[in-house]
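This is run01.tsv. It holds TSV, C-alpha atoms.
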```tsv
chain	number	residue	atom	x	y	z
A	1	MET	CA	0.00	0.00	0.00
A	2	ARG	CA	1.13	3.55	-0.68
A	3	ILE	CA	-0.16	6.95	0.44
A	4	LEU	CA	-0.21	9.23	-2.61
A	5	ARG	CA	-1.43	12.47	-1.05
A	6	ALA	CA	-2.59	13.88	2.27
A	7	LYS	CA	-4.41	17.16	2.89
A	8	LEU	CA	-4.79	18.70	6.34
A	9	ASN	CA	-7.04	21.65	7.17
A	10	SER	CA	-7.07	23.27	10.62
A	11	PHE	CA	-5.55	20.11	12.13
A	12	ARG	CA	-3.48	20.71	15.28
A	13	ASN	CA	-1.08	23.55	14.33
A	14	TYR	CA	-1.66	23.23	10.56
A	15	ALA	CA	-3.95	25.79	8.94
A	16	HIS	CA	-3.44	23.98	5.65
A	17	CYS	CA	-0.97	21.36	4.47
A	18	GLU	CA	-0.54	19.15	1.42
A	19	PHE	CA	1.89	16.25	1.55
A	20	GLU	CA	2.79	13.89	-1.30
A	21	PRO	CA	5.22	11.23	-0.05
A	22	CYS	CA	7.30	9.07	-2.35
A	23	ALA	CA	7.02	5.28	-2.40
A	24	GLY	CA	10.21	4.79	-0.38
A	25	VAL	CA	11.65	6.42	2.74
A	26	ASN	CA	10.31	9.91	3.46
A	27	VAL	CA	12.05	12.05	6.07
A	28	LEU	CA	10.45	14.94	7.95
A	29	LEU	CA	13.23	17.02	9.51
A	30	GLY	CA	12.72	19.79	12.04
A	31	ASP	CA	13.00	20.91	15.63
A	32	ASN	CA	10.57	19.69	18.24
A	33	GLY	CA	7.18	21.40	18.34
A	34	GLN	CA	7.06	22.28	14.64
A	35	GLY	CA	4.37	19.82	13.53
A	36	LYS	CA	6.18	16.62	12.48
A	37	THR	CA	4.29	14.36	14.88
A	38	ASN	CA	1.01	16.12	14.07
A	39	LEU	CA	1.34	15.07	10.43
A	40	LEU	CA	1.85	11.42	11.38
A	41	GLU	CA	-1.06	11.68	13.80
A	42	ALA	CA	-3.28	12.88	10.95
A	43	LEU	CA	-2.24	9.96	8.74
A	44	TYR	CA	-2.79	7.46	11.55
A	45	LEU	CA	-6.24	8.97	12.17
A	46	CYS	CA	-7.18	8.00	8.61
A	47	CYS	CA	-5.90	4.46	9.20
A	48	THR	CA	-7.66	3.74	12.48
A	49	GLY	CA	-10.17	6.52	13.11
A	50	ARG	CA	-8.29	7.41	16.29
A	51	SER	CA	-5.40	9.57	17.39
A	52	HIS	CA	-2.56	7.78	19.14
A	53	ARG	CA	-2.22	10.71	21.54
A	54	THR	CA	-5.71	11.77	22.63
A	55	ARG	CA	-9.31	10.61	22.77
A	56	GLN	CA	-10.61	14.19	22.55
A	57	ASP	CA	-11.35	15.33	18.99
A	58	ARG	CA	-11.38	18.95	20.13
A	59	GLU	CA	-7.64	18.75	20.83
A	60	LEU	CA	-7.04	17.97	17.14
A	61	ILE	CA	-8.68	21.17	15.90
A	62	LEU	CA	-6.68	24.36	15.30
A	63	TRP	CA	-7.39	27.00	17.90
A	64	ASP	CA	-10.50	29.08	17.01
A	65	ALA	CA	-11.30	26.89	13.96
A	66	ASP	CA	-14.80	25.49	13.49
A	67	PHE	CA	-13.58	22.11	12.29
A	68	ALA	CA	-10.54	20.12	11.20
A	69	SER	CA	-10.28	17.71	8.30
A	70	VAL	CA	-7.78	15.17	7.04
A	71	GLN	CA	-8.03	13.64	3.58
A	72	VAL	CA	-5.81	10.82	2.38
A	73	ARG	CA	-5.63	9.22	-1.05
A	74	ALA	CA	-3.89	5.85	-1.18
A	75	GLU	CA	-3.14	3.20	-3.74
A	76	LYS	CA	-3.52	-0.48	-2.92
A	77	SER	CA	-3.35	-3.65	-4.96
A	78	ASP	CA	-7.11	-3.42	-5.55
A	79	GLY	CA	-7.02	0.19	-6.75
A	80	SER	CA	-7.32	3.73	-5.43
A	81	HIS	CA	-8.82	4.56	-2.03
A	82	GLU	CA	-9.74	7.98	-0.65
A	83	VAL	CA	-10.84	8.68	2.90
A	84	GLU	CA	-11.61	11.88	4.75
A	85	VAL	CA	-12.18	12.47	8.46
A	86	ILE	CA	-13.99	15.69	9.40
A	87	LEU	CA	-13.87	16.78	13.04
A	88	PRO	CA	-16.30	19.59	13.96
A	89	ALA	CA	-15.72	21.70	17.06
A	90	ALA	CA	-19.31	20.89	18.01
A	91	GLY	CA	-21.24	17.80	16.97
A	92	LYS	CA	-20.27	14.39	15.64
A	93	ARG	CA	-17.38	13.66	13.34
A	94	LYS	CA	-18.00	12.65	9.74
A	95	ILE	CA	-16.17	10.07	7.66
A	96	LYS	CA	-16.21	10.09	3.89
A	97	ILE	CA	-15.14	7.22	1.64
A	98	ALA	CA	-14.49	8.17	-1.99
A	99	GLY	CA	-16.39	11.40	-1.37
A	100	ARG	CA	-19.51	9.78	0.08
A	101	GLU	CA	-20.40	10.03	3.76
A	102	ALA	CA	-20.10	6.70	5.58
A	103	ALA	CA	-23.09	5.45	7.55
A	104	ARG	CA	-20.86	3.74	10.12
A	105	SER	CA	-17.41	4.62	11.44
A	106	GLY	CA	-16.16	1.09	10.76
A	107	GLU	CA	-16.38	1.71	7.03
A	108	LEU	CA	-13.10	3.62	7.37
A	109	MET	CA	-11.17	0.48	8.27
A	110	GLY	CA	-8.98	-1.18	5.67
A	111	HIS	CA	-8.84	1.64	3.13
A	112	VAL	CA	-5.57	3.11	4.45
A	113	THR	CA	-3.50	0.81	6.65
A	114	GLY	CA	-0.48	1.74	8.71
A	115	VAL	CA	1.78	0.94	11.64
A	116	LEU	CA	2.98	3.75	13.86
A	117	PHE	CA	6.09	3.35	16.01
A	118	SER	CA	6.74	6.15	18.50
A	119	PRO	CA	8.68	6.63	21.76
A	120	GLU	CA	5.36	6.10	23.59
A	121	ASP	CA	5.44	2.48	22.39
A	122	LEU	CA	7.63	1.66	25.37
A	123	ARG	CA	4.42	1.98	27.39
A	124	THR	CA	3.14	-1.11	25.57
A	125	VAL	CA	5.83	-3.07	27.39
A	126	LYS	CA	6.12	-1.14	30.66
A	127	ASP	CA	2.49	-0.25	31.45
A	128	GLY	CA	-0.51	-2.36	32.38
A	129	PRO	CA	-2.61	-4.72	30.23
A	130	ALA	CA	-4.77	-1.92	28.75
A	131	GLU	CA	-1.86	-0.70	26.61
A	132	ARG	CA	-1.25	-4.15	25.14
A	133	ARG	CA	-4.96	-4.70	24.48
A	134	ARG	CA	-5.04	-1.36	22.72
A	135	MET	CA	-2.12	-2.40	20.50
A	136	VAL	CA	-3.96	-5.58	19.48
A	137	ASP	CA	-7.28	-3.78	19.02
A	138	MET	CA	-5.85	-1.11	16.72
A	139	THR	CA	-4.23	-3.67	14.43
A	140	LEU	CA	-7.17	-6.06	14.28
A	141	ALA	CA	-9.61	-3.22	13.63
A	142	GLN	CA	-7.62	-2.32	10.49
A	143	LEU	CA	-7.37	-5.90	9.30
A	144	ARG	CA	-10.88	-7.13	10.11
A	145	PRO	CA	-13.81	-4.68	10.17
A	146	ALA	CA	-15.88	-7.41	11.88
A	147	TYR	CA	-13.54	-7.11	14.85
A	148	TYR	CA	-14.07	-3.35	15.02
A	149	TYR	CA	-17.86	-3.78	15.13
A	150	ALA	CA	-17.61	-6.55	17.73
A	151	LEU	CA	-15.46	-4.26	19.86
A	152	GLN	CA	-18.08	-1.52	19.58
A	153	ARG	CA	-20.85	-3.91	20.62
A	154	TYR	CA	-18.77	-5.21	23.51
A	155	ASN	CA	-17.96	-1.76	24.86
A	156	ARG	CA	-21.61	-0.68	24.65
A	157	ALA	CA	-22.79	-3.79	26.51
A	158	LEU	CA	-20.01	-3.41	29.09
A	159	LYS	CA	-21.05	0.19	29.75
A	160	GLN	CA	-24.71	-0.77	30.11
A	161	ARG	CA	-23.90	-3.69	32.42
A	162	GLY	CA	-21.83	-1.35	34.58
A	163	GLU	CA	-24.72	1.07	34.86
A	164	VAL	CA	-27.05	-1.75	35.93
A	165	LEU	CA	-24.56	-2.93	38.55
A	166	ARG	CA	-24.35	0.56	40.05
A	167	SER	CA	-28.12	1.05	39.93
A	168	ALA	CA	-28.73	-2.34	41.54
A	169	ALA	CA	-26.92	-1.15	44.67
A	170	ALA	CA	-29.91	1.13	45.34
A	171	CYS	CA	-32.57	-1.05	43.73
A	172	PRO	CA	-31.63	-4.77	43.96
A	173	SER	CA	-34.45	-5.88	41.64
A	174	LEU	CA	-32.57	-4.27	38.73
A	175	GLY	CA	-29.97	-7.03	39.08
A	176	ASP	CA	-32.42	-9.31	37.28
A	177	THR	CA	-31.75	-7.41	34.03
A	178	LEU	CA	-28.07	-8.40	34.08
A	179	GLU	CA	-28.83	-11.59	32.16
A	180	LEU	CA	-29.70	-9.57	29.05
A	181	TRP	CA	-26.40	-7.70	29.13
A	182	ASP	CA	-24.48	-10.86	30.01
A	183	GLU	CA	-25.80	-12.46	26.82
A	184	GLN	CA	-24.78	-9.50	24.64
A	185	LEU	CA	-21.41	-9.14	26.35
A	186	ALA	CA	-20.67	-12.85	25.94
A	187	ALA	CA	-21.58	-12.92	22.23
A	188	ALA	CA	-19.36	-9.95	21.35
A	189	GLY	CA	-16.62	-10.95	23.80
A	190	ALA	CA	-16.31	-14.48	22.43
A	191	GLU	CA	-15.83	-13.05	18.95
A	192	LEU	CA	-13.11	-10.68	20.20
A	193	MET	CA	-11.31	-13.49	21.96
A	194	ARG	CA	-11.32	-15.74	18.88
A	195	HIS	CA	-9.72	-13.00	16.80
A	196	ARG	CA	-7.24	-12.08	19.52
A	197	ARG	CA	-6.11	-15.66	20.06
A	198	ALA	CA	-5.46	-16.24	16.35
A	199	TYR	CA	-3.71	-12.89	15.85
A	200	ILE	CA	-1.45	-13.17	18.91
A	201	ARG	CA	-0.45	-16.65	17.80
A	202	GLN	CA	0.68	-15.20	14.46
A	203	LEU	CA	2.36	-12.22	16.13
A	204	SER	CA	4.21	-14.38	18.62
A	205	GLU	CA	5.87	-16.51	15.96
A	206	VAL	CA	7.23	-13.47	14.13
A	207	ALA	CA	8.08	-11.45	17.25
A	208	GLU	CA	10.15	-14.19	18.84
A	209	GLU	CA	12.33	-14.49	15.73
A	210	THR	CA	12.56	-10.72	15.26
A	211	TYR	CA	13.62	-10.18	18.86
A	212	ARG	CA	16.20	-12.95	18.53
A	213	GLU	CA	17.74	-11.24	15.48
A	214	ILE	CA	17.84	-7.81	17.15
A	215	ALA	CA	19.30	-9.21	20.38
A	216	GLY	CA	21.87	-11.33	18.55
A	217	GLY	CA	20.31	-14.59	19.70
A	218	ARG	CA	21.17	-13.96	23.33
A	219	GLU	CA	17.63	-13.93	24.74
A	220	GLN	CA	14.28	-15.67	24.26
A	221	PHE	CA	11.26	-13.42	23.82
A	222	CYS	CA	7.72	-14.74	24.15
A	223	VAL	CA	4.32	-13.17	23.44
A	224	ARG	CA	1.40	-15.07	24.95
A	225	TYR	CA	-2.34	-14.45	25.12
A	226	ALA	CA	-3.75	-14.69	28.65
A	227	PRO	CA	-7.54	-14.34	28.36
A	228	SER	CA	-9.62	-13.36	31.37
A	229	VAL	CA	-11.98	-16.26	30.59
A	230	SER	CA	-9.98	-19.37	29.67
A	231	ALA	CA	-12.73	-20.79	27.46
A	232	GLY	CA	-14.05	-17.38	26.47
A	233	ASP	CA	-13.94	-18.16	22.75
A	234	ASP	CA	-17.24	-19.94	23.40
A	235	ALA	CA	-20.12	-17.55	24.16
A	236	GLN	CA	-21.79	-19.93	26.61
A	237	SER	CA	-18.58	-20.38	28.61
A	238	PHE	CA	-18.15	-16.61	28.64
A	239	GLN	CA	-21.72	-16.18	29.90
A	240	ASP	CA	-21.18	-18.85	32.57
A	241	ALA	CA	-18.11	-16.95	33.82
A	242	LEU	CA	-20.14	-13.72	34.07
A	243	LEU	CA	-22.83	-15.55	36.04
A	244	ALA	CA	-20.24	-17.06	38.40
A	245	ALA	CA	-18.78	-13.59	39.03
A	246	ARG	CA	-22.14	-11.84	39.42
A	247	GLU	CA	-22.13	-11.73	43.23
A	248	THR	CA	-18.64	-10.26	43.22
A	249	ASP	CA	-19.60	-7.78	40.51
A	250	LEU	CA	-22.67	-6.61	42.43
A	251	ARG	CA	-20.51	-6.06	45.48
A	252	ARG	CA	-17.72	-4.26	43.60
A	253	LEU	CA	-20.06	-2.49	41.12
A	254	THR	CA	-17.88	-3.44	38.16
A	255	THR	CA	-17.55	-6.29	35.64
A	256	SER	CA	-14.62	-8.35	36.88
A	257	VAL	CA	-14.25	-10.85	34.02
A	258	GLY	CA	-14.32	-10.52	30.26
A	259	ALA	CA	-12.38	-9.42	27.18
A	260	HIS	CA	-11.71	-6.02	28.81
A	261	ARG	CA	-9.58	-7.89	31.36
A	262	ASP	CA	-7.48	-9.85	28.86
A	263	GLU	CA	-3.70	-9.69	29.07
A	264	VAL	CA	-0.93	-10.09	26.51
A	265	LEU	CA	2.07	-11.41	28.42
A	266	LEU	CA	5.55	-10.40	27.25
A	267	THR	CA	8.47	-12.33	28.70
A	268	VAL	CA	12.23	-12.34	28.16
A	269	ASP	CA	13.95	-15.56	29.19
A	270	GLY	CA	10.82	-16.54	31.10
A	271	ARG	CA	10.63	-13.33	33.15
A	272	GLU	CA	7.96	-10.69	32.66
A	273	ALA	CA	9.44	-7.87	30.56
A	274	ARG	CA	7.24	-5.28	32.24
A	275	SER	CA	8.58	-5.93	35.75
A	276	PHE	CA	11.97	-7.53	35.24
A	277	GLY	CA	13.22	-6.47	31.81
A	278	SER	CA	16.12	-4.04	31.52
A	279	GLN	CA	15.64	-0.78	29.60
A	280	GLY	CA	17.41	-2.33	26.62
A	281	GLN	CA	15.25	-5.46	26.73
A	282	GLN	CA	12.08	-3.39	26.95
A	283	ARG	CA	13.12	-1.25	23.96
A	284	THR	CA	13.97	-4.37	21.97
A	285	ALA	CA	10.60	-5.88	22.84
A	286	ALA	CA	8.76	-2.73	21.72
A	287	LEU	CA	10.66	-2.65	18.43
A	288	ALA	CA	10.14	-6.38	17.82
A	289	LEU	CA	6.39	-6.01	18.43
A	290	ARG	CA	5.98	-3.19	15.89
A	291	LEU	CA	8.11	-4.88	13.24
A	292	SER	CA	6.17	-8.09	13.76
A	293	GLU	CA	2.85	-6.24	13.53
A	294	LEU	CA	4.05	-4.88	10.20
A	295	SER	CA	4.89	-8.37	8.91
A	296	VAL	CA	1.64	-9.95	10.08
A	297	MET	CA	-0.37	-7.20	8.39
A	298	ARG	CA	1.62	-7.77	5.18
A	299	ASP	CA	0.93	-11.50	5.32
A	300	GLU	CA	-2.78	-11.00	5.89
A	301	MET	CA	-3.31	-8.17	3.37
A	302	GLY	CA	-0.85	-9.34	0.73
A	303	GLU	CA	0.97	-5.97	0.75
A	304	TRP	CA	2.90	-3.81	3.18
A	305	PRO	CA	1.06	-1.15	5.19
A	306	VAL	CA	2.69	2.27	5.45
A	307	LEU	CA	5.23	2.50	8.30
A	308	MET	CA	5.35	5.69	10.38
A	309	LEU	CA	8.35	6.24	12.65
A	310	ASP	CA	7.94	9.16	15.01
A	311	ASP	CA	11.28	10.31	16.42
A	312	VAL	CA	12.33	6.79	17.34
A	313	MET	CA	15.77	6.70	15.72
A	314	SER	CA	17.29	8.92	18.41
A	315	GLU	CA	15.79	6.59	21.04
A	316	LEU	CA	17.51	3.48	19.64
A	317	ASP	CA	21.14	2.52	20.03
A	318	PRO	CA	23.17	2.05	16.79
A	319	SER	CA	22.61	-1.72	16.66
A	320	ARG	CA	18.82	-1.50	16.96
A	321	ARG	CA	18.79	1.44	14.53
A	322	ARG	CA	20.60	-0.67	11.91
A	323	GLN	CA	18.18	-3.54	12.45
A	324	LEU	CA	15.26	-1.21	11.80
A	325	ILE	CA	16.78	0.52	8.77
A	326	ARG	CA	17.57	-2.73	6.98
A	327	ARG	CA	13.90	-3.72	7.15
A	328	LEU	CA	12.63	-0.62	5.32
A	329	ASP	CA	13.24	-1.87	1.80
A	330	GLY	CA	10.03	-2.04	-0.21
A	331	ILE	CA	7.94	-0.33	2.50
A	332	GLN	CA	6.64	3.21	2.20
A	333	THR	CA	8.07	4.79	5.35
A	334	ILE	CA	7.55	8.23	6.83
A	335	VAL	CA	10.16	9.14	9.45
A	336	THR	CA	10.35	12.18	11.71
A	337	CYS	CA	13.65	13.23	13.24
A	338	THR	CA	15.59	16.27	14.38
A	339	ASP	CA	18.96	15.07	13.06
A	340	ALA	CA	19.46	13.50	9.61
A	341	ASP	CA	22.47	11.59	10.98
A	342	ASP	CA	20.02	9.35	12.83
A	343	LEU	CA	19.16	7.85	9.43
A	344	ALA	CA	22.72	7.08	8.38
A	345	GLY	CA	22.66	4.02	6.12
A	346	ALA	CA	19.05	4.44	5.01
A	347	GLU	CA	18.23	4.96	1.35
A	348	ILE	CA	16.20	8.17	1.55
A	349	GLY	CA	13.70	8.78	-1.23
A	350	ALA	CA	12.54	12.28	-0.26
A	351	ALA	CA	13.06	14.75	2.56
A	352	TRP	CA	11.18	17.79	3.86
A	353	ARG	CA	11.92	20.54	6.34
A	354	VAL	CA	9.06	21.10	8.81
A	355	GLN	CA	9.02	24.48	10.53
A	356	GLY	CA	6.10	26.34	12.03
A	357	ALA	CA	3.59	23.93	10.45
A	358	GLN	CA	5.06	24.59	7.02
A	359	ILE	CA	6.51	21.74	4.94
A	360	GLU	CA	9.16	22.51	2.34
A	361	PRO	CA	11.06	19.91	0.24
A	362	LEU	CA	14.81	19.73	0.80
```
Show me the file's structure as structure tokens.
Amino acid sequence: MRILRAKLNSFRNYAHCEFEPCAGVNVLLGDNGQGKTNLLEALYLCCTGRSHRTRQDRELILWDADFASVQVRAEKSDGSHEVEVILPAAGKRKIKIAGREAARSGELMGHVTGVLFSPEDLRTVKDGPAERRRMVDMTLAQLRPAYYYALQRYNRALKQRGEVLRSAAACPSLGDTLELWDEQLAAAGAELMRHRRAYIRQLSEVAEETYREIAGGREQFCVRYAPSVSAGDDAQSFQDALLAARETDLRRLTTSVGAHRDEVLLTVDGREARSFGSQGQQRTAALALRLSELSVMRDEMGEWPVLMLDDVMSELDPSRRRQLIRRLDGIQTIVTCTDADDLAGAEIGAAWRVQGAQIEPL
């Protein structure tokens, strides 16, 4: 896949911007705070429908502007794709596919696909399970629209079940309605777990080998799915687990089991990377995960997604930097950095200077 053109209007610090990357390695050079990350954020928004930095659309809109918009035209093996995300200062966002407004947000998925690697990715290794679930969710939503819709259904049912649990504290008879939400939660949750199990199995195979190459064969990396409900792939088993936990849930006023409690365990030589990994091991794990995500998406789609690297070269030591650079061949890559020397050894196709939300070719 290749992004041919991107247009930003009133997005973050950009009043207007047009960007036409080449098919190879594209470098965005500039000091911090000039808008390099904002451009990648806009591209990623058109891949996933979400920013990687905020859940608040208002933060993406230029100060005093009524709306922001990002339009991306891409070329895939099946032809041309054009998507546009419009973010109003008030009201609901709009998504357009080939100029026509989409009825559902999930229609965005799969038209423009990308992997974003940023310094924040270290949180995927160091933070709690929510960060690792988010990593899996964002990839699967791009690959399989059915997953995106199942995730929407699950989150709606989870919210409703939580409201019933809290209301039942004052009115116990409301607890009888939990069965309805248990059924909906179990149906959507079982579908999520089936997709997650299959994807993490694929990811693990690639990530273990990738980590081994980056670490010079010195350590064994493992990615393992640890579902909250061991037999949760089956809706009835999922529902049984919710029923078994109901008394606890009514006492704690929260849903204690389900896909929202799943974990993706990352270990190095049998020890949890989050708690026991060194800084170098954690950085290697984060890099291996993103490179493996890229490969799994290529295998499933039949073509490479676009790779976005946000100021990560300066965060990697020379060995890891070389490992990353040698994998860029044949992949449209957009890299932000403050120092061109960070890309020594890379075959650069095009470069731009970014200053004050203005992009000029070098």
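For the choices A:Tyr225, A:Trp352, A:Phe67, A:Tyr149, the atom-to-atom distance to Ser10 in chain A is smallest for A:Phe67 when using all atoms listed in the file.
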Could you give me, as a PDB file with C-alpha atoms, keeping the file's coordinate frame, the residues within 7 Å of range 46-61 of chain A, counting only C-alpha atoms and dropping anything in the same chain fewer than 5 positions from it?
```pdb
ATOM      1  CA  SER A  10      -7.070  23.270  10.620  1.00  0.00           C
ATOM      2  CA  PHE A  11      -5.550  20.110  12.130  1.00  0.00           C
ATOM      3  CA  ARG A  12      -3.480  20.710  15.280  1.00  0.00           C
ATOM      4  CA  GLU A  41      -1.060  11.680  13.800  1.00  0.00           C
ATOM      5  CA  PHE A  67     -13.580  22.110  12.290  1.00  0.00           C
ATOM      6  CA  ALA A  68     -10.540  20.120  11.200  1.00  0.00           C
ATOM      7  CA  VAL A  72      -5.810  10.820   2.380  1.00  0.00           C
ATOM      8  CA  VAL A  83     -10.840   8.680   2.900  1.00  0.00           C
ATOM      9  CA  VAL A  85     -12.180  12.470   8.460  1.00  0.00           C
ATOM     10  CA  LEU A  87     -13.870  16.780  13.040  1.00  0.00           C
ATOM     11  CA  ALA A  89     -15.720  21.700  17.060  1.00  0.00           C
ATOM     12  CA  MET A 109     -11.170   0.480   8.270  1.00  0.00           C
ATOM     13  CA  VAL A 112      -5.570   3.110   4.450  1.00  0.00           C
ATOM     14  CA  THR A 113      -3.500   0.810   6.650  1.00  0.00           C
ATOM     15  CA  GLY A 114      -0.480   1.740   8.710  1.00  0.00           C
ATOM     16  CA  MET A 138      -5.850  -1.110  16.720  1.00  0.00           C
ATOM     17  CA  GLN A 142      -7.620  -2.320  10.490  1.00  0.00           C
TER      18      GLN A 142
END
```
Within 12 Å of Asp240 in chain A, counting all atoms listed in the file, which residues show up once you throw out same-chain ones fewer than 6 positions away? Write them as a VMD selection string, please. chain A and resid 179 182 to 183 185 to 187 229 to 232 234 246 257 to 258
Pick from A:Ala157, A:Ser275, A:Arg320, A:Glu263, whichever lies nearest to Arg212 in chain A using all atoms listed in the file: A:Arg320
Any idea what's packed within 10 Å of Glu131 in chain A, counting all atoms listed in the file, ignoring anything in its chain fewer than 5 positions away? Could you give it as a ChimeraX atom specification? /A:121-126,136-137,263-264
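Nearest to Leu178 in chain A of all the residues A:Arg166, A:Arg290, A:Arg2, A:Lys7 is A:Arg166, based on all atoms listed in the file.
Take CA of Asp342 in chain A and CA of Ile214 in chain A: the distance between them is 17.8 Å.
Using only C-alpha atoms, the smallest distance between any of A:Asn32, A:Gln281, A:Gln202, A:Thr333 and Asp299 in chain A comes from A:Gln202.
If you look at CA of Glu300 in chain A and CA of Ala198 in chain A, they are 12.0 Å away from each other.
Distances from A:Leu4, A:Ala207, A:Met308, A:Val223 to Leu266 in chain A were compared using all atoms listed in the file, and the smallest one belongs to A:Val223.
Between Gln239 in chain A and the candidates A:Ala190, A:Ala285, A:Ala346, A:Leu158, the tightest atom-to-atom separation, counting only C-alpha atoms, involves A:Ala190.
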So the first atom is CA of Asp66 in chain A and the second is CA of Pro88 in chain A; what is the distance between them in Å, to one decimal place? 6.1 Å
List every protein, DNA or RNA residue that has an atom no more than 7 Å from (-6.4, 8.8, -3.8) in the file's coordinate frame, counting all atoms listed in the file, and report them as a PDB file with C-alpha atoms, in the frame of the given file.
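The file below, out30.pdb, is the result:
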```
ATOM      1  CA  LEU A   4      -0.210   9.230  -2.610  1.00  0.00           C
ATOM      2  CA  ARG A   5      -1.430  12.470  -1.050  1.00  0.00           C
ATOM      3  CA  VAL A  72      -5.810  10.820   2.380  1.00  0.00           C
ATOM      4  CA  ARG A  73      -5.630   9.220  -1.050  1.00  0.00           C
ATOM      5  CA  ALA A  74      -3.890   5.850  -1.180  1.00  0.00           C
ATOM      6  CA  GLU A  75      -3.140   3.200  -3.740  1.00  0.00           C
ATOM      7  CA  SER A  80      -7.320   3.730  -5.430  1.00  0.00           C
ATOM      8  CA  HIS A  81      -8.820   4.560  -2.030  1.00  0.00           C
ATOM      9  CA  GLU A  82      -9.740   7.980  -0.650  1.00  0.00           C
TER      10      GLU A  82
END
```
Kindly provide, as JSON, numbers by chain, the polymer residues lying within 10 Å of (16.2, 23.0, 13.4), counting all atoms listed in the file and using the coordinates exactly as they appear in the file. {"A": [29, 30, 31, 32, 34, 338, 339, 353, 354, 355]}
Report the centre and edge lengths, in Å to one decimal, of an axis-aligned box enclosing every atom of range 34-51 of chain A listed in the file, padded by 6 Å on each side, as lines of an AutoDock Vina configuration file.
```
center_x = -1.6
center_y = 13.0
center_z = 13.0
size_x = 29.2
size_y = 30.5
size_z = 20.8
```
Polymer residues at most 8 Å from range 18-22 of chain A, all atoms listed in the file, same-chain spacing of 6 or more positions, as a PyMOL selection string: chain A and resi 3-8+332+334+349-350+359
